[in-house]
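The structure file input_7.txt is reproduced below (compact mmCIF, C-alpha atoms and all ligand atoms).
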```
# COMPACT_ATOMS: atom_id res chain seq x y z
CA MET A 1 -51.34 -97.79 54.33
CA LYS A 2 -48.23 -99.18 52.67
CA THR A 3 -46.45 -96.68 50.40
CA ILE A 4 -45.98 -97.82 46.80
CA GLY A 5 -42.64 -96.79 45.28
CA MET A 6 -43.14 -95.54 41.73
CA GLY A 7 -40.67 -95.06 38.91
CA ILE A 8 -41.36 -93.02 35.78
CA ILE A 9 -39.52 -93.74 32.53
CA GLY A 10 -39.77 -90.83 30.09
CA THR A 11 -39.96 -87.42 31.74
CA GLY A 12 -41.40 -85.29 28.94
CA GLY A 13 -44.80 -83.62 28.93
CA TRP A 14 -46.86 -86.67 29.85
CA GLY A 15 -44.30 -88.16 32.22
CA ALA A 16 -44.58 -84.93 34.23
CA MET A 17 -48.35 -85.46 34.35
CA HIS A 18 -47.85 -88.98 35.76
CA ALA A 19 -45.48 -87.50 38.38
CA ARG A 20 -47.98 -84.77 39.39
CA THR A 21 -50.69 -87.39 39.77
CA TYR A 22 -48.60 -89.78 41.88
CA ALA A 23 -47.39 -86.88 44.02
CA THR A 24 -51.01 -85.94 44.83
CA THR A 25 -52.16 -89.52 45.52
CA PRO A 26 -52.03 -90.82 49.10
CA GLY A 27 -49.83 -93.86 49.71
CA VAL A 28 -47.62 -93.31 46.65
CA SER A 29 -44.10 -91.97 46.42
CA VAL A 30 -42.23 -91.02 43.22
CA ARG A 31 -38.92 -92.74 44.05
CA ALA A 32 -37.07 -92.49 40.73
CA VAL A 33 -37.37 -91.14 37.23
CA ALA A 34 -35.37 -91.94 34.09
CA ASP A 35 -34.91 -90.21 30.78
CA MET A 36 -32.25 -90.57 28.10
CA ALA A 37 -32.07 -86.76 28.35
CA LYS A 38 -30.70 -86.98 31.90
CA ALA A 39 -30.99 -83.25 32.58
CA ARG A 40 -34.77 -83.56 32.06
CA ALA A 41 -34.90 -86.49 34.49
CA GLU A 42 -32.89 -84.49 37.04
CA GLU A 43 -35.25 -81.54 36.76
CA LEU A 44 -38.35 -83.66 37.41
CA ALA A 45 -36.62 -85.70 40.13
CA GLY A 46 -35.66 -82.46 41.90
CA ALA A 47 -39.31 -81.44 42.17
CA TYR A 48 -40.25 -84.67 43.98
CA GLY A 49 -37.10 -85.59 45.90
CA ALA A 50 -36.65 -88.62 43.63
CA LYS A 51 -33.55 -90.26 42.14
CA ALA A 52 -32.69 -89.43 38.51
CA TYR A 53 -31.28 -91.92 36.01
CA GLY A 54 -30.12 -91.44 32.42
CA ASP A 55 -30.52 -95.15 31.62
CA TYR A 56 -33.90 -96.71 32.36
CA ARG A 57 -32.19 -100.03 33.16
CA ASP A 58 -30.70 -98.45 36.29
CA LEU A 59 -34.21 -97.42 37.41
CA LEU A 60 -35.45 -100.98 36.82
CA ALA A 61 -32.60 -102.30 39.00
CA ASP A 62 -33.60 -99.96 41.85
CA PRO A 63 -35.21 -102.00 44.68
CA ASP A 64 -37.10 -98.90 45.92
CA VAL A 65 -39.16 -99.00 42.74
CA GLU A 66 -42.11 -101.39 42.84
CA ALA A 67 -44.06 -100.22 39.79
CA VAL A 68 -43.35 -98.07 36.74
CA SER A 69 -45.06 -95.74 34.31
CA VAL A 70 -43.57 -96.03 30.83
CA VAL A 71 -44.06 -92.68 29.13
CA THR A 72 -41.58 -92.69 26.25
CA PRO A 73 -42.57 -91.86 22.62
CA ASP A 74 -45.03 -94.19 20.85
CA PHE A 75 -42.26 -96.06 18.97
CA ALA A 76 -40.10 -96.56 22.10
CA HIS A 77 -42.27 -98.76 24.33
CA GLU A 78 -41.52 -102.41 23.54
CA GLU A 79 -37.98 -102.87 24.83
CA ILE A 80 -38.63 -100.89 28.01
CA LEU A 81 -41.90 -102.72 28.76
CA ILE A 82 -40.29 -106.12 28.29
CA ASP A 83 -37.32 -105.17 30.48
CA ALA A 84 -39.69 -103.77 33.15
CA ALA A 85 -41.64 -107.05 33.24
CA LYS A 86 -38.39 -109.04 33.45
CA ALA A 87 -37.37 -106.84 36.38
CA GLY A 88 -40.63 -107.79 38.16
CA LYS A 89 -42.12 -104.26 38.13
CA HIS A 90 -45.86 -103.68 37.73
CA ILE A 91 -46.42 -101.57 34.61
CA LEU A 92 -48.62 -98.70 33.53
CA ALA A 93 -47.89 -98.38 29.79
CA GLU A 94 -48.75 -95.27 27.86
CA LYS A 95 -50.72 -95.82 24.69
CA PRO A 96 -50.23 -97.31 22.17
CA LEU A 97 -48.93 -100.44 23.90
CA ALA A 98 -46.64 -100.97 20.89
CA MET A 99 -46.85 -100.30 17.16
CA THR A 100 -46.91 -103.89 15.86
CA VAL A 101 -49.13 -106.82 16.82
CA GLU A 102 -46.06 -109.03 17.35
CA ALA A 103 -44.49 -106.52 19.76
CA CYS A 104 -47.75 -106.37 21.75
CA GLU A 105 -47.83 -110.17 21.94
CA ARG A 106 -44.24 -110.27 23.22
CA ILE A 107 -45.00 -107.64 25.89
CA VAL A 108 -48.20 -109.34 27.10
CA ALA A 109 -46.46 -112.75 27.18
CA GLU A 110 -43.53 -111.36 29.22
CA ALA A 111 -45.84 -109.63 31.73
CA ASP A 112 -47.84 -112.86 32.13
CA ARG A 113 -44.66 -114.91 32.56
CA ALA A 114 -43.31 -112.48 35.17
CA GLY A 115 -46.67 -112.27 36.98
CA VAL A 116 -46.74 -108.45 36.94
CA LEU A 117 -49.75 -106.18 36.35
CA LEU A 118 -49.85 -104.57 32.92
CA MET A 119 -52.28 -101.71 32.33
CA VAL A 120 -52.54 -99.58 29.18
CA ASP A 121 -53.45 -95.96 29.85
CA PHE A 122 -56.63 -95.69 27.77
CA HIS A 123 -57.91 -93.11 30.21
CA ALA A 124 -61.07 -92.14 28.29
CA ARG A 125 -62.69 -95.06 30.15
CA TRP A 126 -62.67 -92.72 33.16
CA SER A 127 -64.17 -89.71 31.34
CA PRO A 128 -67.39 -88.76 33.20
CA PRO A 129 -69.55 -88.16 30.07
CA LEU A 130 -68.25 -91.33 28.38
CA CYS A 131 -68.84 -93.32 31.59
CA LYS A 132 -72.45 -92.08 31.64
CA MET A 133 -72.82 -93.14 27.99
CA HIS A 134 -71.36 -96.55 28.83
CA GLU A 135 -73.81 -96.91 31.73
CA ALA A 136 -76.80 -95.99 29.51
CA VAL A 137 -75.76 -98.58 26.92
CA ARG A 138 -75.26 -101.28 29.59
CA LYS A 139 -78.70 -100.55 31.09
CA GLY A 140 -80.29 -100.94 27.64
CA GLU A 141 -81.64 -97.37 27.73
CA ILE A 142 -80.90 -96.80 24.05
CA GLY A 143 -81.65 -100.37 22.93
CA GLU A 144 -79.16 -102.08 20.64
CA PRO A 145 -76.31 -99.73 19.57
CA ARG A 146 -76.35 -99.36 15.78
CA HIS A 147 -73.94 -96.59 14.87
CA VAL A 148 -71.31 -94.42 16.52
CA TYR A 149 -69.45 -91.32 15.40
CA TYR A 150 -66.35 -90.47 17.42
CA ARG A 151 -64.20 -87.40 16.80
CA LEU A 152 -60.86 -86.93 18.52
CA ASN A 153 -58.81 -84.20 16.88
CA ASP A 154 -55.87 -82.05 17.97
CA ARG A 155 -54.75 -78.54 17.20
CA ILE A 156 -51.89 -78.51 14.67
CA TYR A 157 -49.75 -77.36 17.62
CA VAL A 158 -49.52 -81.01 18.78
CA PRO A 159 -47.57 -82.42 15.78
CA THR A 160 -45.73 -79.19 14.97
CA GLU A 161 -44.71 -77.87 18.41
CA MET A 162 -45.67 -80.16 21.30
CA LEU A 163 -44.17 -83.42 20.00
CA SER A 164 -40.61 -83.43 18.67
CA TRP A 165 -41.24 -86.95 17.34
CA ALA A 166 -44.57 -86.58 15.46
CA GLY A 167 -42.88 -87.90 12.31
CA GLY A 168 -42.33 -91.21 14.16
CA THR A 169 -46.03 -91.78 14.78
CA THR A 170 -49.43 -90.76 13.37
CA VAL A 171 -52.55 -89.14 14.74
CA LEU A 172 -54.14 -92.58 14.40
CA TRP A 173 -51.65 -94.02 16.90
CA PHE A 174 -51.48 -90.94 19.10
CA VAL A 175 -55.21 -90.29 19.66
CA GLY A 176 -56.93 -92.79 17.36
CA SER A 177 -55.82 -95.60 19.68
CA HIS A 178 -57.85 -93.92 22.47
CA ALA A 179 -60.88 -93.57 20.18
CA ILE A 180 -60.74 -97.21 19.08
CA ASP A 181 -60.51 -98.45 22.65
CA THR A 182 -63.38 -96.16 23.71
CA VAL A 183 -65.70 -97.38 20.96
CA ARG A 184 -64.94 -101.07 21.70
CA TRP A 185 -65.63 -100.40 25.37
CA LEU A 186 -68.86 -98.44 24.74
CA LEU A 187 -70.26 -101.11 22.44
CA GLY A 188 -68.90 -104.07 24.43
CA ASP A 189 -68.20 -105.63 21.04
CA GLU A 190 -65.27 -106.58 18.81
CA VAL A 191 -64.30 -105.26 15.39
CA CYS A 192 -64.47 -107.70 12.47
CA ARG A 193 -63.75 -105.48 9.42
CA VAL A 194 -62.17 -102.05 8.88
CA TYR A 195 -61.83 -99.50 6.10
CA GLY A 196 -59.47 -96.54 6.42
CA ILE A 197 -58.79 -93.36 4.46
CA SER A 198 -56.02 -90.86 5.20
CA ARG A 199 -54.69 -87.75 3.51
CA SER A 200 -51.29 -86.07 3.73
CA GLY A 201 -49.84 -82.77 2.60
CA LEU A 202 -50.10 -80.01 5.14
CA LEU A 203 -47.81 -81.56 7.78
CA SER A 204 -45.43 -83.14 5.26
CA GLY A 205 -45.20 -79.70 3.63
CA ARG A 206 -43.87 -78.45 6.96
CA GLY A 207 -41.27 -81.22 7.04
CA ILE A 208 -43.19 -83.53 9.43
CA ASN A 209 -43.60 -86.85 7.69
CA THR A 210 -46.98 -87.94 9.01
CA PRO A 211 -50.54 -87.89 7.59
CA ASP A 212 -52.84 -84.93 8.28
CA PHE A 213 -55.95 -86.95 9.16
CA TYR A 214 -57.69 -90.33 9.13
CA PHE A 215 -61.29 -91.45 8.71
CA SER A 216 -61.75 -95.01 9.95
CA THR A 217 -64.84 -97.17 9.54
CA LEU A 218 -65.06 -100.10 11.96
CA GLU A 219 -67.64 -102.87 11.52
CA PHE A 220 -68.49 -104.78 14.69
CA ARG A 221 -69.62 -108.40 15.03
CA SER A 222 -73.11 -107.26 16.12
CA GLY A 223 -73.49 -105.29 12.90
CA ALA A 224 -72.92 -101.94 14.63
CA VAL A 225 -70.73 -99.49 12.70
CA ALA A 226 -68.37 -96.81 14.02
CA VAL A 227 -66.85 -93.93 12.10
CA ILE A 228 -63.83 -92.35 13.79
CA GLU A 229 -62.30 -89.02 12.75
CA ASN A 230 -58.74 -88.22 13.84
CA SER A 231 -57.13 -85.04 12.60
CA TRP A 232 -53.87 -83.33 13.45
CA ILE A 233 -54.54 -80.13 11.51
CA LEU A 234 -57.08 -78.17 13.56
CA PRO A 235 -56.18 -74.46 13.61
CA ASN A 236 -54.40 -73.24 16.71
CA SER A 237 -57.33 -70.88 17.28
CA ALA A 238 -59.60 -73.89 18.05
CA PRO A 239 -61.02 -73.26 21.54
CA ASN A 240 -59.39 -76.33 23.11
CA LEU A 241 -56.22 -78.34 22.39
CA VAL A 242 -58.38 -81.41 21.79
CA ASP A 243 -61.77 -81.54 20.05
CA VAL A 244 -63.79 -84.54 21.23
CA LYS A 245 -67.32 -85.52 20.25
CA CYS A 246 -69.27 -88.75 20.37
CA GLU A 247 -72.69 -89.67 18.99
CA LEU A 248 -74.11 -93.12 19.64
CA VAL A 249 -77.45 -94.15 18.13
CA GLY A 250 -79.31 -97.26 19.19
CA THR A 251 -82.64 -98.91 18.35
CA LYS A 252 -84.42 -97.09 21.22
CA GLY A 253 -82.48 -93.90 21.77
CA ALA A 254 -79.36 -91.85 21.17
CA LEU A 255 -76.53 -90.27 23.17
CA TYR A 256 -74.67 -87.12 22.14
CA MET A 257 -71.49 -85.97 23.87
CA ASP A 258 -69.55 -82.76 23.34
CA ALA A 259 -66.78 -82.53 25.90
CA THR A 260 -65.09 -79.61 24.12
CA HIS A 261 -67.77 -77.02 23.36
CA ASN A 262 -69.90 -77.85 26.40
CA ARG A 263 -69.84 -74.20 27.55
CA ALA A 264 -69.55 -75.09 31.23
CA LEU A 265 -66.81 -72.44 31.23
CA GLU A 266 -66.00 -69.88 28.54
CA LYS A 267 -62.90 -67.75 29.00
CA TYR A 268 -62.23 -64.53 27.08
CA THR A 269 -59.14 -62.41 27.62
CA GLU A 270 -57.67 -59.54 25.62
CA SER A 271 -55.60 -61.99 23.55
CA ASP A 272 -57.47 -65.29 23.71
CA ALA A 273 -60.84 -67.06 23.73
CA GLY A 274 -61.52 -70.64 24.67
CA TYR A 275 -63.15 -73.37 26.70
CA PRO A 276 -60.66 -74.45 29.40
CA ASP A 277 -60.19 -78.17 30.00
CA LEU A 278 -62.46 -79.32 32.83
CA PHE A 279 -62.46 -83.07 32.21
CA VAL A 280 -59.02 -84.34 31.21
CA MET A 281 -56.42 -82.84 33.54
CA PRO A 282 -57.53 -79.77 35.50
CA THR A 283 -55.47 -78.95 38.59
CA ILE A 284 -57.86 -78.06 41.42
CA HIS A 285 -56.58 -76.66 44.75
CA GLY A 286 -53.10 -77.94 43.83
CA ARG A 287 -54.26 -81.52 43.28
CA GLN A 288 -54.12 -83.17 39.86
CA GLN A 289 -57.70 -84.01 38.92
CA GLY A 290 -59.49 -85.17 35.79
CA PHE A 291 -59.89 -88.52 34.11
CA ALA A 292 -56.23 -88.63 33.07
CA ALA A 293 -55.39 -88.72 36.79
CA GLU A 294 -58.23 -91.15 37.58
CA SER A 295 -56.79 -93.85 35.32
CA ILE A 296 -53.35 -93.46 36.89
CA ARG A 297 -54.91 -93.71 40.37
CA HIS A 298 -56.78 -96.84 39.23
CA PHE A 299 -53.41 -98.40 38.41
CA VAL A 300 -52.16 -97.58 41.91
CA GLU A 301 -55.28 -99.16 43.40
CA CYS A 302 -54.72 -102.32 41.31
CA VAL A 303 -51.09 -102.59 42.48
CA ARG A 304 -52.17 -102.08 46.10
CA GLU A 305 -55.00 -104.59 45.99
CA GLY A 306 -53.60 -107.03 43.42
CA LYS A 307 -56.62 -106.38 41.16
CA THR A 308 -56.70 -106.82 37.39
CA PRO A 309 -56.73 -103.35 35.77
CA MET A 310 -59.82 -102.21 33.90
CA VAL A 311 -57.67 -101.86 30.76
CA THR A 312 -55.31 -104.76 30.21
CA GLY A 313 -52.39 -105.53 27.91
CA ALA A 314 -54.87 -107.54 25.80
CA ASP A 315 -56.93 -104.36 25.24
CA GLY A 316 -53.75 -102.57 24.13
CA ALA A 317 -52.95 -105.42 21.72
CA ILE A 318 -56.46 -105.30 20.18
CA ALA A 319 -56.23 -101.53 19.56
CA THR A 320 -52.87 -102.09 17.83
CA LYS A 321 -54.30 -104.92 15.73
CA ILE A 322 -57.13 -102.64 14.55
CA ILE A 323 -54.73 -99.80 13.69
CA CYS A 324 -52.46 -102.17 11.74
CA ALA A 325 -55.52 -103.45 9.82
CA LEU A 326 -56.52 -99.83 9.07
CA GLU A 327 -53.04 -99.10 7.76
CA GLU A 328 -53.26 -102.20 5.55
CA SER A 329 -56.69 -101.05 4.32
CA ILE A 330 -55.38 -97.57 3.47
CA LEU A 331 -52.51 -99.06 1.45
CA ALA A 332 -54.80 -101.53 -0.35
CA GLY A 333 -57.65 -99.05 -0.86
CA LYS A 334 -60.20 -101.62 0.31
CA PRO A 335 -61.69 -103.07 3.53
CA VAL A 336 -59.64 -105.54 5.60
CA GLU A 337 -61.09 -108.41 7.67
CA LEU A 338 -59.74 -108.90 11.20
CA LYS A 339 -58.65 -112.45 11.92
N1 LIG B 401 -52.81 -90.66 27.60
C1 LIG B 401 -52.67 -89.48 26.93
O1 LIG B 401 -53.63 -88.79 26.67
C2 LIG B 401 -51.31 -89.05 26.51
C3 LIG B 401 -51.02 -87.69 26.33
C4 LIG B 401 -49.74 -87.34 25.90
C5 LIG B 401 -48.81 -88.34 25.63
N2 LIG B 401 -49.16 -89.64 25.82
C6 LIG B 401 -48.20 -90.73 25.52
O2 LIG B 401 -47.10 -90.63 26.41
C7 LIG B 401 -45.91 -91.00 25.73
C8 LIG B 401 -44.91 -89.86 25.84
O3 LIG B 401 -45.44 -88.69 25.25
P1 LIG B 401 -44.94 -87.22 25.67
O4 LIG B 401 -45.94 -86.28 25.11
O5 LIG B 401 -44.62 -87.16 27.11
O6 LIG B 401 -43.59 -87.10 24.81
P2 LIG B 401 -42.32 -86.19 25.16
O7 LIG B 401 -41.52 -86.09 23.92
O8 LIG B 401 -42.76 -84.93 25.82
O9 LIG B 401 -41.52 -87.06 26.25
C9 LIG B 401 -40.94 -88.30 25.93
C10 LIG B 401 -39.69 -88.44 26.78
O10 LIG B 401 -39.20 -89.78 26.63
C11 LIG B 401 -37.76 -89.69 26.60
N3 LIG B 401 -37.25 -90.94 25.98
C12 LIG B 401 -37.30 -91.33 24.70
N4 LIG B 401 -36.76 -92.56 24.55
C13 LIG B 401 -36.36 -92.95 25.78
C14 LIG B 401 -35.71 -94.11 26.28
N5 LIG B 401 -35.40 -95.14 25.48
N6 LIG B 401 -35.42 -94.17 27.61
C15 LIG B 401 -35.74 -93.14 28.43
N7 LIG B 401 -36.36 -92.00 28.00
C16 LIG B 401 -36.66 -91.92 26.70
C17 LIG B 401 -37.47 -88.43 25.83
O11 LIG B 401 -36.16 -87.96 26.08
C18 LIG B 401 -38.55 -87.50 26.36
O12 LIG B 401 -38.12 -86.76 27.48
C19 LIG B 401 -46.32 -91.34 24.29
O13 LIG B 401 -46.50 -92.73 24.15
C20 LIG B 401 -47.64 -90.62 24.12
O14 LIG B 401 -48.52 -91.22 23.16
C21 LIG B 401 -50.37 -90.00 26.27
```

Is it possible to express this structure as C-alpha cells?
Amino acid sequence: MKTIGMGIIGTGGWGAMHARTYATTPGVSVRAVADMAKARAEELAGAYGAKAYGDYRDLLADPDVEAVSVVTPDFAHEEILIDAAKAGKHILAEKPLAMTVEACERIVAEADRAGVLLMVDFHARWSPPLCKMHEAVRKGEIGEPRHVYYRLNDRIYVPTEMLSWAGGTTVLWFVGSHAIDTVRWLLGDEVCRVYGISRSGLLSGRGINTPDFYFSTLEFRSGAVAVIENSWILPNSAPNLVDVKCELVGTKGALYMDATHNRALEKYTESDAGYPDLFVMPTIHGRQQGFAAESIRHFVECVREGKTPMVTGADGAIATKIICALEESILAGKPVELK
C-alpha cells in the first residue's frame, strides 16, 4: 500500500486529534505540521517525527506532503484553503468551511479548478446512532419525516477555557454547523426558510464577545421542520463536555437518540461524576477510535482511491449559507427565505 504524506495546518487541540488519527491509520504518515505558534508545531512534530513549519506556505511547498488537514480557528480557513488548493494538495477542511457564502464559493471554485479533493469534516455523519437513524429514514421505517429536534450544546468550559478565540466565532458556527449538516443529511432535504433567536449576556459579561445560545428553526422543502438548540453555557458539572440529543418524528414512527446520557458507562470518583465519551473520540488500546477518527480515515480512503468524499465543499457552503441566513433573521427579528 502506498503511503500518503499528510500535512496538518493548525496544531492546537483539534490538530493534535487529526495527528493522532493519522498516526494510527495504516498507509499514512504525518510528514509535516505548521502553526503560526512555531513552538506548538515543533512539539507536535516531535511526537511524530515530522517537519515543523511556522508559516503554512512552507508546508504547502513541501513535496513530501500530498494532502492537508486545515485545523485553524473558524475565521482563519479561507486563505489557507485557497492556497492549499493552488498548491495541488487534497484538503480536509475543519468546519465551518468559511464564515461567508462568498468565501465558500471561492474555496470550492479553487478546489475544482485545481482538481483536488475537498472534504469538510462534518463527522457526525459517522456517528453510529445517527447512522442508524439515517438508515431507518432511508428504509422508510418511520414514514415521511415531519419534525426533528437536535440539541448540540457545550459546557461553558469550551468558550471560556478551551478556545482562546471564542469571541471570533459563535456556538452556531462552532457546533451549530455540525447540527445543520446532520439534519440536512438525515432528512435528505434542503432548507428553504429559517428563523433564529439568540441571547447574550453571560459570556459577554465575562469579556467574551459571543452569544450564549441560539434556537434555530429550519423549514425544509418537503414541509418538515427542524428545531436546533446550540448553547455554550452548560455548567461545567454537566456529565459530558458535549450534550447531544436528537428526536426525529415521521408519519409512521419516531427515533430518539441520546448519545450523552446513554448510561453505557457511568464513572464516579471521589471528585467527579460523569458519562465518559464512547462515541466521538475514545482512545482504545492506544488507537484513536470514534466517529471523529472515522471521518478523517474516510478522507484518507478518498485520497487513496480518488473517490468523492461523503461530505463535499458544496455541503460546507450550504451549512454556511444557512448560518448566514439565521444571522440575518436574528438581526431582522423575522424569518428569512433561502435563495
Ligand atoms: N470537528 C470537530 O468536532 C471539531 C472540534 C474542535 C475543533 N474543531 C475545529 O478545528 C479548528 C481548530 O480548532 P481548535 O480547537 O484546534 O483550536 P486551537 O485554538 O486549539 O488551535 C488552533 C491553532 O491554529 C493556529 N493558527 C491560527 N491561525 C493560523 C494560521 N494562519 N496559520 C497557522 N496556524 C494558525 C493557532 O496558533 C492554534 O495553534 C476550528 O475550525 C474548529 O471549529 C472541530

Sorted by chain and rising residue number, which residues of chain A lie within 8 Å of ligand LIG 401 (chain B), and what are their closest atom pairs and distances in Å to one decimal, counting all atoms listed in the file, as CSV?
```
residue,atom,partner,partner_atom,distance
A:Ile9,CA,B:LIG401,C15,5.6
A:Gly10,CA,B:LIG401,O10,3.7
A:Thr11,CA,B:LIG401,O12,4.7
A:Gly12,CA,B:LIG401,O9,3.2
A:Gly13,CA,B:LIG401,O8,3.9
A:Trp14,CA,B:LIG401,O5,3.6
A:Gly15,CA,B:LIG401,O5,5.2
A:Ala16,CA,B:LIG401,O5,7.5
A:Ala34,CA,B:LIG401,C15,5.8
A:Asp35,CA,B:LIG401,N7,3.6
A:Met36,CA,B:LIG401,C15,4.3
A:Ala37,CA,B:LIG401,O11,4.8
A:Arg40,CA,B:LIG401,O12,6.5
A:Ala41,CA,B:LIG401,O12,7.7
A:Gly54,CA,B:LIG401,C15,7.1
A:Asp55,CA,B:LIG401,N6,6.4
A:Tyr56,CA,B:LIG401,N6,5.6
A:Val70,CA,B:LIG401,C7,7.5
A:Val71,CA,B:LIG401,C7,4.2
A:Thr72,CA,B:LIG401,O10,3.8
A:Pro73,CA,B:LIG401,C19,4.1
A:Asp74,CA,B:LIG401,O13,3.9
A:Phe75,CA,B:LIG401,O13,7.5
A:Ala76,CA,B:LIG401,N4,5.8
A:His77,CA,B:LIG401,O13,7.4
A:Ile80,CA,B:LIG401,N5,7.1
A:Glu94,CA,B:LIG401,O13,5.0
A:Lys95,CA,B:LIG401,O13,5.3
A:Pro96,CA,B:LIG401,O13,6.2
A:Asp121,CA,B:LIG401,N1,5.8
A:Phe122,CA,B:LIG401,N1,6.3
A:His123,CA,B:LIG401,N1,6.2
A:Met162,CA,B:LIG401,O8,7.2
A:Leu163,CA,B:LIG401,O7,5.4
A:Ser164,CA,B:LIG401,O7,6.0
A:Trp165,CA,B:LIG401,O7,6.6
A:Trp173,CA,B:LIG401,O14,7.5
A:Phe174,CA,B:LIG401,O14,5.0
A:Val175,CA,B:LIG401,O1,7.3
A:His178,CA,B:LIG401,O1,7.9
A:Ala292,CA,B:LIG401,N1,6.8
```

Review point. Which of these residues is nearest to Glu337 in chain A, using only C-alpha atoms: A:Asn236, A:Thr217, A:Gln289, A:Thr251?
Key: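 Residue with the minimum atom-to-atom distance to Glu337 in chain A: A:Thr217.
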
Check your understanding: Neighbours of Tyr275 in chain A within 8 Å (all atoms listed in the file; same-chain residues fewer than 2 positions away dropped), as an NGL selection string?
Key -> :A and (239-240 or 260-261 or 263 or 265-267 or 273 or 277)

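Counting from CA of Val108 in chain A, the distance to CA of Gly313 in chain A is 5.7 Å.
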
Exercise for review: List the neighbours of range 126-130 of chain A out to 10 Å using only C-alpha atoms; skip same-chain residues closer than 2 positions along the sequence, and give me the result as JSON, numbers by chain.
Suggested key: {"A": [122, 123, 124, 132, 133, 134, 135, 136, 182, 183, 185, 186, 246, 255, 256, 257, 258, 259, 279, 280, 290, 291, 292, 293, 294, 295, 298, 310]}

Point to revise | Expected residue set, 12 Å radius at (-56.6, -110.3, 10.3), all atoms listed in the file, as number ranges by chain | key: A: 101, 191-194, 318, 320-326, 328-329, 335-339

**Study point:** Test item: which residues lie within 7 Å of (-74.7, -98.4, 17.2) counting all atoms listed in the file, as number ranges by chain
**Key:** A: 144-148, 224-225, 248-250

Supply range 95-112 of chain A as an mmCIF file, in the coordinates of the input, with N, CA and C atoms built in where the input has gaps.
```cif
data_model
loop_
_atom_site.group_PDB
_atom_site.id
_atom_site.type_symbol
_atom_site.label_atom_id
_atom_site.label_comp_id
_atom_site.auth_asym_id
_atom_site.auth_seq_id
_atom_site.Cartn_x
_atom_site.Cartn_y
_atom_site.Cartn_z
ATOM 1 N N LYS A 95 -50.221 -95.338 25.980
ATOM 2 C CA LYS A 95 -50.720 -95.820 24.690
ATOM 3 C C LYS A 95 -49.853 -95.278 23.563
ATOM 4 N N PRO A 96 -49.793 -95.944 22.412
ATOM 5 C CA PRO A 96 -50.230 -97.310 22.170
ATOM 6 C C PRO A 96 -49.279 -98.291 22.884
ATOM 7 N N LEU A 97 -49.800 -99.492 23.195
ATOM 8 C CA LEU A 97 -48.930 -100.440 23.900
ATOM 9 C C LEU A 97 -47.638 -100.630 23.101
ATOM 10 N N ALA A 98 -47.782 -100.926 21.818
ATOM 11 C CA ALA A 98 -46.640 -100.970 20.890
ATOM 12 C C ALA A 98 -47.220 -100.833 19.492
ATOM 13 N N MET A 99 -46.341 -100.648 18.495
ATOM 14 C CA MET A 99 -46.850 -100.300 17.160
ATOM 15 C C MET A 99 -46.882 -101.477 16.187
ATOM 16 N N THR A 100 -46.643 -102.703 16.682
ATOM 17 C CA THR A 100 -46.910 -103.890 15.860
ATOM 18 C C THR A 100 -47.630 -104.910 16.739
ATOM 19 N N VAL A 101 -48.385 -105.787 16.077
ATOM 20 C CA VAL A 101 -49.130 -106.820 16.820
ATOM 21 C C VAL A 101 -48.133 -107.764 17.497
ATOM 22 N N GLU A 102 -47.055 -108.088 16.791
ATOM 23 C CA GLU A 102 -46.060 -109.030 17.350
ATOM 24 C C GLU A 102 -45.417 -108.441 18.607
ATOM 25 N N ALA A 103 -45.107 -107.147 18.571
ATOM 26 C CA ALA A 103 -44.490 -106.520 19.760
ATOM 27 C C ALA A 103 -45.476 -106.575 20.930
ATOM 28 N N CYS A 104 -46.750 -106.309 20.668
ATOM 29 C CA CYS A 104 -47.750 -106.370 21.750
ATOM 30 C C CYS A 104 -47.792 -107.781 22.337
ATOM 31 N N GLU A 105 -47.760 -108.777 21.456
ATOM 32 C CA GLU A 105 -47.830 -110.170 21.940
ATOM 33 C C GLU A 105 -46.613 -110.491 22.819
ATOM 34 N N ARG A 106 -45.446 -110.005 22.413
ATOM 35 C CA ARG A 106 -44.240 -110.270 23.220
ATOM 36 C C ARG A 106 -44.354 -109.591 24.591
ATOM 37 N N ILE A 107 -44.881 -108.379 24.610
ATOM 38 C CA ILE A 107 -45.000 -107.640 25.890
ATOM 39 C C ILE A 107 -45.994 -108.349 26.821
ATOM 40 N N VAL A 108 -47.161 -108.697 26.271
ATOM 41 C CA VAL A 108 -48.200 -109.340 27.100
ATOM 42 C C VAL A 108 -47.667 -110.685 27.623
ATOM 43 N N ALA A 109 -46.975 -111.435 26.758
ATOM 44 C CA ALA A 109 -46.460 -112.750 27.180
ATOM 45 C C ALA A 109 -45.429 -112.585 28.293
ATOM 46 N N GLU A 110 -44.579 -111.556 28.197
ATOM 47 C CA GLU A 110 -43.530 -111.360 29.220
ATOM 48 C C GLU A 110 -44.154 -110.931 30.552
ATOM 49 N N ALA A 111 -45.172 -110.069 30.479
ATOM 50 C CA ALA A 111 -45.840 -109.630 31.730
ATOM 51 C C ALA A 111 -46.526 -110.826 32.385
ATOM 52 N N ASP A 112 -47.172 -111.663 31.585
ATOM 53 C CA ASP A 112 -47.840 -112.860 32.130
ATOM 54 C C ASP A 112 -46.809 -113.787 32.784
#
```
